[in-house]
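Reviewing the structure listed below.
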Amino acid sequence: MRYSSAFIPTLKEVPKDATTPSHVLLLRGGFVRMVGAGIYEMLPLGLRVLRKIADIVREEMDRSGSQEVLMPALLPAEYFRETGRWDLYGDVLIRMKDRKGGEYHLGPTHEEIITDMVRRDVKSYRQLPQSLYQVQMKFRDEPRPRAGLLRCREFMMKDAYSFDVSEEKAFASYGVMREAYHRIFKRLGLEYRIVEADSGAIGGKTSAEFQVLAQTGEDAIVACTKCDYAANVEVATSTAPAKKTDAVGAMEKVATPHKKTIEDVATFLSVPQSQTMKALFFRVIRKDSVSNALVFVRGDHEAHEVKVANALGAREVVMGTADEAAKHGIVTGYIGPQGRASSKDLEVYFDRSLDTGEGFVAGANEEGFHTKNVVVGRDASGTIVDVRTVGDGDACPNCMGELKSYRGIEGGHIFVLGTHYSAKMGCTFLDEEGNSKPIVMGCYGIGVSRLVATAIEQNHDADGIRWPMTIAPYQVIVVPAGKEDEIQAAALDVYTKLGALGVEALLDDRDERPGVKFKDADLLGIPLRVVVGKKGLAEGKVELKARKDKDVSMVPVGEIVDKVASLVREGGVRLIPKS
RNA sequence: CGGGGUGUGGCGCAGUGGAAGCGCGCUCGGUUCGGGACCGAGAGGUCGUGGGUUCGAUCCCCACCACCCCGACCA
């Protein structure tokens, strides 16, 4: 492509609404433009990147034995009604009516539609397993779209679905996809971790997220520095604390006037914060009931609400207000477990870090007093759970190694769904014995458009983007630095020969000063840059620079094309020469 | 949905109760030509929308809309 005729509207100034690096650079580089909140149009460069990512995903899906289909984005309400998600999805679903008043919505995900596709035709175990995928725009009315392509209301997603005769086979399919995902993320050139995660609303049993490491990530994850354990903090755990058997003296009430926070109490009583416990009052929302719970965690720990909800078997837990607590006779600031027991009104839980046989300082359930030597099990009873937020320095639950925390962007998520959808939708098959059984499903998503932004979050510097070779919009930019005919001719020659080898090259033939061209080349993030200049050319050489490196090398004109081609290949791209 | 903020030329911003300006970008001419050059001449704006106050509103008042940030929520 000749730059002079390309539609690459770059911007010098940072658009004021862009905050994250990928958002800024996608806009400045002329890759995308915003049309509305969470709605973007892809300009030529952006589309090239998007397609490259999608193509890699397709190749690996195909290789894993999955077949591509395309489902509609516009869906009649009846499918989501079948599984109850018409109501469950709430405002996230973009709903509409047709001229006859029929109810429709835009697809936020396609489990129901694919299940319908399969149930129509698959009747026998002989037709299984099946694996189908699609690359499609999805629509979700996000409460808060943000950060450019990272969180959109319209976004491109690859979703795959597996159909098996048994849970065992479904896990095998899950394993195949997991391997395919590893290949995909490696080929995309992204640093990532596969982590255990909460299954959320999709309703699965086993799931794993592919988290791309980036400082701006929305998700907090921990990974072991020794083994391959990694988990989203929503579900992360650590080694359970050892029980201690030292005798602990009897409980002792002490005056702690006006000392409400853990910090104040610990300082006042001269005990480490790890020897105190604090209580969190939650409103617990279960499938068909709402109750309250006191959850005790160590003073220096934090409870994670998702872990709390999972541990209590709740759909959701919400921090209760002081007023609500007061109705249960709770003295905020001085809450203790002694003398309490789980009741219908108020459930009592302890994080397992408190179940060590040690004595802790707890509130005395009386304004201005705390109690020392409270031993869980001896002086207080409740259910032991694991709800604390795991963080840096905690011990790995697998190998006792040290856990380290990262920020991540969820690039992919794979689930074993079981029969959640198939059972509700009557997607069944006859096994060898003639028994009708629901098909066991799995689903596997990759946020294709999100990965465009994710790749930038992980690969950029002060000057612009640094695309991984496999997804760069062009692999090399050829810059003639000078107007002399020899320079122009030499640059055109290099550009033409690169094209013949199948290298995707951009020829910056614009009538601009070299500085402008260099700035744009860096901003666009083209991995390789070949500059044809007067001095070099006099010696029969051109300049080669990698976007990610500082240094420049001079290469004989006769070798530059092969040199570039081999670097592109090394970057993981298969070159197909044009005949 | 709660809290905060912003809407003025393509982008970034200033500004006034008498009706609009700067930088970048754009067009033309000239000088330049290895890290976003310089000089000169131009083009380009329903001041988010609607209503109100006023002789007169981009400015003051009210309502609405859009967008951004924090939180809730979420992939």
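A note on labels: chains of the structure tokens are A, B, ... as shown, every chain counts residues from 1, and ligands are counted from 1 in their shown order.
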Set the distance at 8 Å and use only C-alpha atoms (C1' of nucleotides): which residues neighbour range 68-70 of chain B once local chain neighbours fewer than 2 positions away are removed? I'd like the list as a compact mmCIF listing (two decimals) with C-alpha atoms (C1' of nucleotides), in the first residue's frame.
```
# COMPACT_ATOMS: atom_id res chain seq x y z
CA ASP A 17 -12.04 11.34 26.07
C1' G B 3 -21.60 10.82 42.69
C1' G B 4 -18.55 14.20 39.76
C1' G B 5 -17.36 16.61 35.10
C1' U B 6 -17.56 18.29 29.93
```
- Item | Residue contacts of Cys443 in chain A (12 Å, only C-alpha atoms (C1' of nucleotides)) excluding same-chain residues fewer than 3 positions away, as a PyMOL selection string | chain A and resi 66+109-112+114-115+130-134+158-164+170-171+173-175+177-178+199+202-208+412-421+440+446
- Item | Residue contacts of G34 in chain B (12 Å, only C-alpha atoms (C1' of nucleotides)) excluding same-chain residues fewer than 2 positions away, as a PyMOL selection string | chain A and resi 479-482+512-519+531-536+543
Keeping only N, CA, C and O atoms, take the residues you just selected and write them out as a PDB file, in the first residue's frame.
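out_34.pdb, written as the output of this step:
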```pdb
ATOM      1  N   VAL A 479      10.496   3.754   3.990  1.00  0.00           N
ATOM      2  CA  VAL A 479      10.485   5.208   4.022  1.00  0.00           C
ATOM      3  C   VAL A 479      11.601   5.780   3.158  1.00  0.00           C
ATOM      4  O   VAL A 479      12.768   5.673   3.510  1.00  0.00           O
ATOM      5  N   PRO A 480      11.258   6.399   2.044  1.00  0.00           N
ATOM      6  CA  PRO A 480      12.274   7.129   1.300  1.00  0.00           C
ATOM      7  C   PRO A 480      12.516   8.464   2.003  1.00  0.00           C
ATOM      8  O   PRO A 480      11.583   9.238   2.179  1.00  0.00           O
ATOM      9  N   ALA A 481      13.756   8.710   2.421  1.00  0.00           N
ATOM     10  CA  ALA A 481      14.067   9.953   3.116  1.00  0.00           C
ATOM     11  C   ALA A 481      14.797  10.870   2.148  1.00  0.00           C
ATOM     12  O   ALA A 481      16.020  10.960   2.152  1.00  0.00           O
ATOM     13  N   GLY A 482      14.065  11.523   1.295  1.00  0.00           N
ATOM     14  CA  GLY A 482      14.677  12.390   0.313  1.00  0.00           C
ATOM     15  C   GLY A 482      13.892  12.330  -0.984  1.00  0.00           C
ATOM     16  O   GLY A 482      13.198  11.355  -1.263  1.00  0.00           O
ATOM     17  N   GLU A 512       6.344  14.456   2.576  1.00  0.00           N
ATOM     18  CA  GLU A 512       6.513  14.960   3.940  1.00  0.00           C
ATOM     19  C   GLU A 512       7.985  14.911   4.304  1.00  0.00           C
ATOM     20  O   GLU A 512       8.764  14.162   3.720  1.00  0.00           O
ATOM     21  N   ARG A 513       8.322  15.670   5.307  1.00  0.00           N
ATOM     22  CA  ARG A 513       9.701  15.620   5.812  1.00  0.00           C
ATOM     23  C   ARG A 513       9.911  14.295   6.526  1.00  0.00           C
ATOM     24  O   ARG A 513       8.959  13.711   7.072  1.00  0.00           O
ATOM     25  N   PRO A 514      11.160  13.841   6.580  1.00  0.00           N
ATOM     26  CA  PRO A 514      11.420  12.546   7.206  1.00  0.00           C
ATOM     27  C   PRO A 514      10.901  12.455   8.639  1.00  0.00           C
ATOM     28  O   PRO A 514      10.367  11.428   9.054  1.00  0.00           O
ATOM     29  N   GLY A 515      11.047  13.533   9.390  1.00  0.00           N
ATOM     30  CA  GLY A 515      10.615  13.515  10.782  1.00  0.00           C
ATOM     31  C   GLY A 515       9.155  13.140  10.918  1.00  0.00           C
ATOM     32  O   GLY A 515       8.769  12.373  11.797  1.00  0.00           O
ATOM     33  N   VAL A 516       8.332  13.684  10.049  1.00  0.00           N
ATOM     34  CA  VAL A 516       6.899  13.387  10.082  1.00  0.00           C
ATOM     35  C   VAL A 516       6.670  11.904   9.822  1.00  0.00           C
ATOM     36  O   VAL A 516       5.877  11.240  10.501  1.00  0.00           O
ATOM     37  N   LYS A 517       7.403  11.382   8.835  1.00  0.00           N
ATOM     38  CA  LYS A 517       7.225   9.962   8.495  1.00  0.00           C
ATOM     39  C   LYS A 517       7.657   9.047   9.641  1.00  0.00           C
ATOM     40  O   LYS A 517       7.000   8.048   9.929  1.00  0.00           O
ATOM     41  N   PHE A 518       8.766   9.413  10.287  1.00  0.00           N
ATOM     42  CA  PHE A 518       9.240   8.588  11.407  1.00  0.00           C
ATOM     43  C   PHE A 518       8.239   8.597  12.549  1.00  0.00           C
ATOM     44  O   PHE A 518       7.957   7.564  13.166  1.00  0.00           O
ATOM     45  N   LYS A 519       7.699   9.768  12.825  1.00  0.00           N
ATOM     46  CA  LYS A 519       6.727   9.873  13.914  1.00  0.00           C
ATOM     47  C   LYS A 519       5.501   9.012  13.635  1.00  0.00           C
ATOM     48  O   LYS A 519       4.996   8.316  14.520  1.00  0.00           O
ATOM     49  N   VAL A 531      14.569   2.487   5.918  1.00  0.00           N
ATOM     50  CA  VAL A 531      14.718   3.860   5.456  1.00  0.00           C
ATOM     51  C   VAL A 531      15.760   3.903   4.345  1.00  0.00           C
ATOM     52  O   VAL A 531      16.868   3.407   4.501  1.00  0.00           O
ATOM     53  N   VAL A 532      15.352   4.483   3.231  1.00  0.00           N
ATOM     54  CA  VAL A 532      16.281   4.664   2.125  1.00  0.00           C
ATOM     55  C   VAL A 532      16.714   6.127   2.137  1.00  0.00           C
ATOM     56  O   VAL A 532      15.904   7.022   1.900  1.00  0.00           O
ATOM     57  N   GLY A 533      17.990   6.368   2.473  1.00  0.00           N
ATOM     58  CA  GLY A 533      18.479   7.729   2.589  1.00  0.00           C
ATOM     59  C   GLY A 533      19.645   7.985   1.652  1.00  0.00           C
ATOM     60  O   GLY A 533      20.198   7.055   1.074  1.00  0.00           O
ATOM     61  N   LYS A 534      19.997   9.258   1.537  1.00  0.00           N
ATOM     62  CA  LYS A 534      21.029   9.623   0.567  1.00  0.00           C
ATOM     63  C   LYS A 534      22.398   9.060   0.948  1.00  0.00           C
ATOM     64  O   LYS A 534      23.073   8.431   0.147  1.00  0.00           O
ATOM     65  N   LYS A 535      22.771   9.252   2.228  1.00  0.00           N
ATOM     66  CA  LYS A 535      24.103   8.813   2.652  1.00  0.00           C
ATOM     67  C   LYS A 535      24.265   7.305   2.514  1.00  0.00           C
ATOM     68  O   LYS A 535      25.258   6.818   1.967  1.00  0.00           O
ATOM     69  N   GLY A 536      23.270   6.579   3.019  1.00  0.00           N
ATOM     70  CA  GLY A 536      23.356   5.128   2.963  1.00  0.00           C
ATOM     71  C   GLY A 536      23.406   4.623   1.534  1.00  0.00           C
ATOM     72  O   GLY A 536      24.202   3.750   1.179  1.00  0.00           O
ATOM     73  N   GLU A 543      18.754   1.493   5.658  1.00  0.00           N
ATOM     74  CA  GLU A 543      18.713   1.368   7.109  1.00  0.00           C
ATOM     75  C   GLU A 543      17.549   0.464   7.519  1.00  0.00           C
ATOM     76  O   GLU A 543      16.453   0.573   6.991  1.00  0.00           O
TER      77      GLU A 543
END
```
- Message: One number please: CA of Trp467 in chain A to CA of Lys548 in chain A, in Å, one decimal.
- Response: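 Spanning CA of Trp467 in chain A to CA of Lys548 in chain A is a straight-line distance of 8.9 Å.
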- Which residues of chain B are close to chain A, meaning at most 8 Å apart when you count only C-alpha atoms (C1' of nucleotides), and how do they look as number ranges by chain? B: 11-12, 24, 33-36, 67-68, 73-75
Selection above as a file: C-alpha atoms (C1' of nucleotides), as a PDB file, in the first residue's frame:
```pdb
ATOM      1  C1'   C B  11      -8.527  17.752  16.844  1.00  0.00           C
ATOM      2  C1'   G B  12      -7.029  20.318  21.469  1.00  0.00           C
ATOM      3  C1'   C B  24      -2.548  22.080  15.492  1.00  0.00           C
ATOM      4  C1'   C B  33      14.056  18.710   3.913  1.00  0.00           C
ATOM      5  C1'   G B  34      16.905  12.508   9.035  1.00  0.00           C
ATOM      6  C1'   G B  35      12.607  12.813  14.471  1.00  0.00           C
ATOM      7  C1'   G B  36       5.802  16.164  13.915  1.00  0.00           C
ATOM      8  C1'   C B  67     -20.002  12.040  26.064  1.00  0.00           C
ATOM      9  C1'   C B  68     -16.134  11.201  29.961  1.00  0.00           C
ATOM     10  C1'   C B  73     -22.545  -3.965  37.416  1.00  0.00           C
ATOM     11  C1'   C B  74     -20.044  -6.641  33.787  1.00  0.00           C
ATOM     12  C1'   A B  75     -16.542 -10.423  29.146  1.00  0.00           C
TER      13        A B  75
END
```
- Return the single residue from A:Ser342, A:Asn365, A:Gln127, A:Thr383 that is closest to Ile330 in chain A, with distances computed using only C-alpha atoms. A:Asn365
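Among the candidates B:G7, B:A72, B:C1, B:G18, the one nearest to C55 in chain B when counting only C-alpha atoms (C1' of nucleotides) is B:G18.
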- Message: What's the separation between CA of Ile384 in chain A and CA of Phe350 in chain A, in Å to one decimal place?
- Response: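 One can read the CA of Ile384 in chain A to CA of Phe350 in chain A distance as 4.9 Å.
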- Message: Report, in Å to a single decimal, how far apart CA of Phe185 in chain A and CA of Arg529 in chain A are.
- Response: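 Rounded to one decimal, the two atoms are 25.3 Å apart.
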- Task: Give me every helix (DSSP H, G or I) residue in range 379-462 of chain A, going by DSSP on the backbone, as a list in words.
- Result: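 Selection result, helix (DSSP H, G or I) within range 379-462 of chain A: His420, Tyr421, Ser422, Ala423, Lys424, Met425, Val448, Ser449, Arg450, Leu451, Val452, Ala453, Thr454, Ala455, Ile456, Glu457 and Gln458 of chain A.
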- Determine which residues of range 224-397 of chain A receive a DSSP assignment of strand (DSSP E), computed from the backbone, and state them as a PyMOL selection string. chain A and resi 224+230-232+252-255+277-286+289-298+316-319+346-351+360-366+369-374+383-385
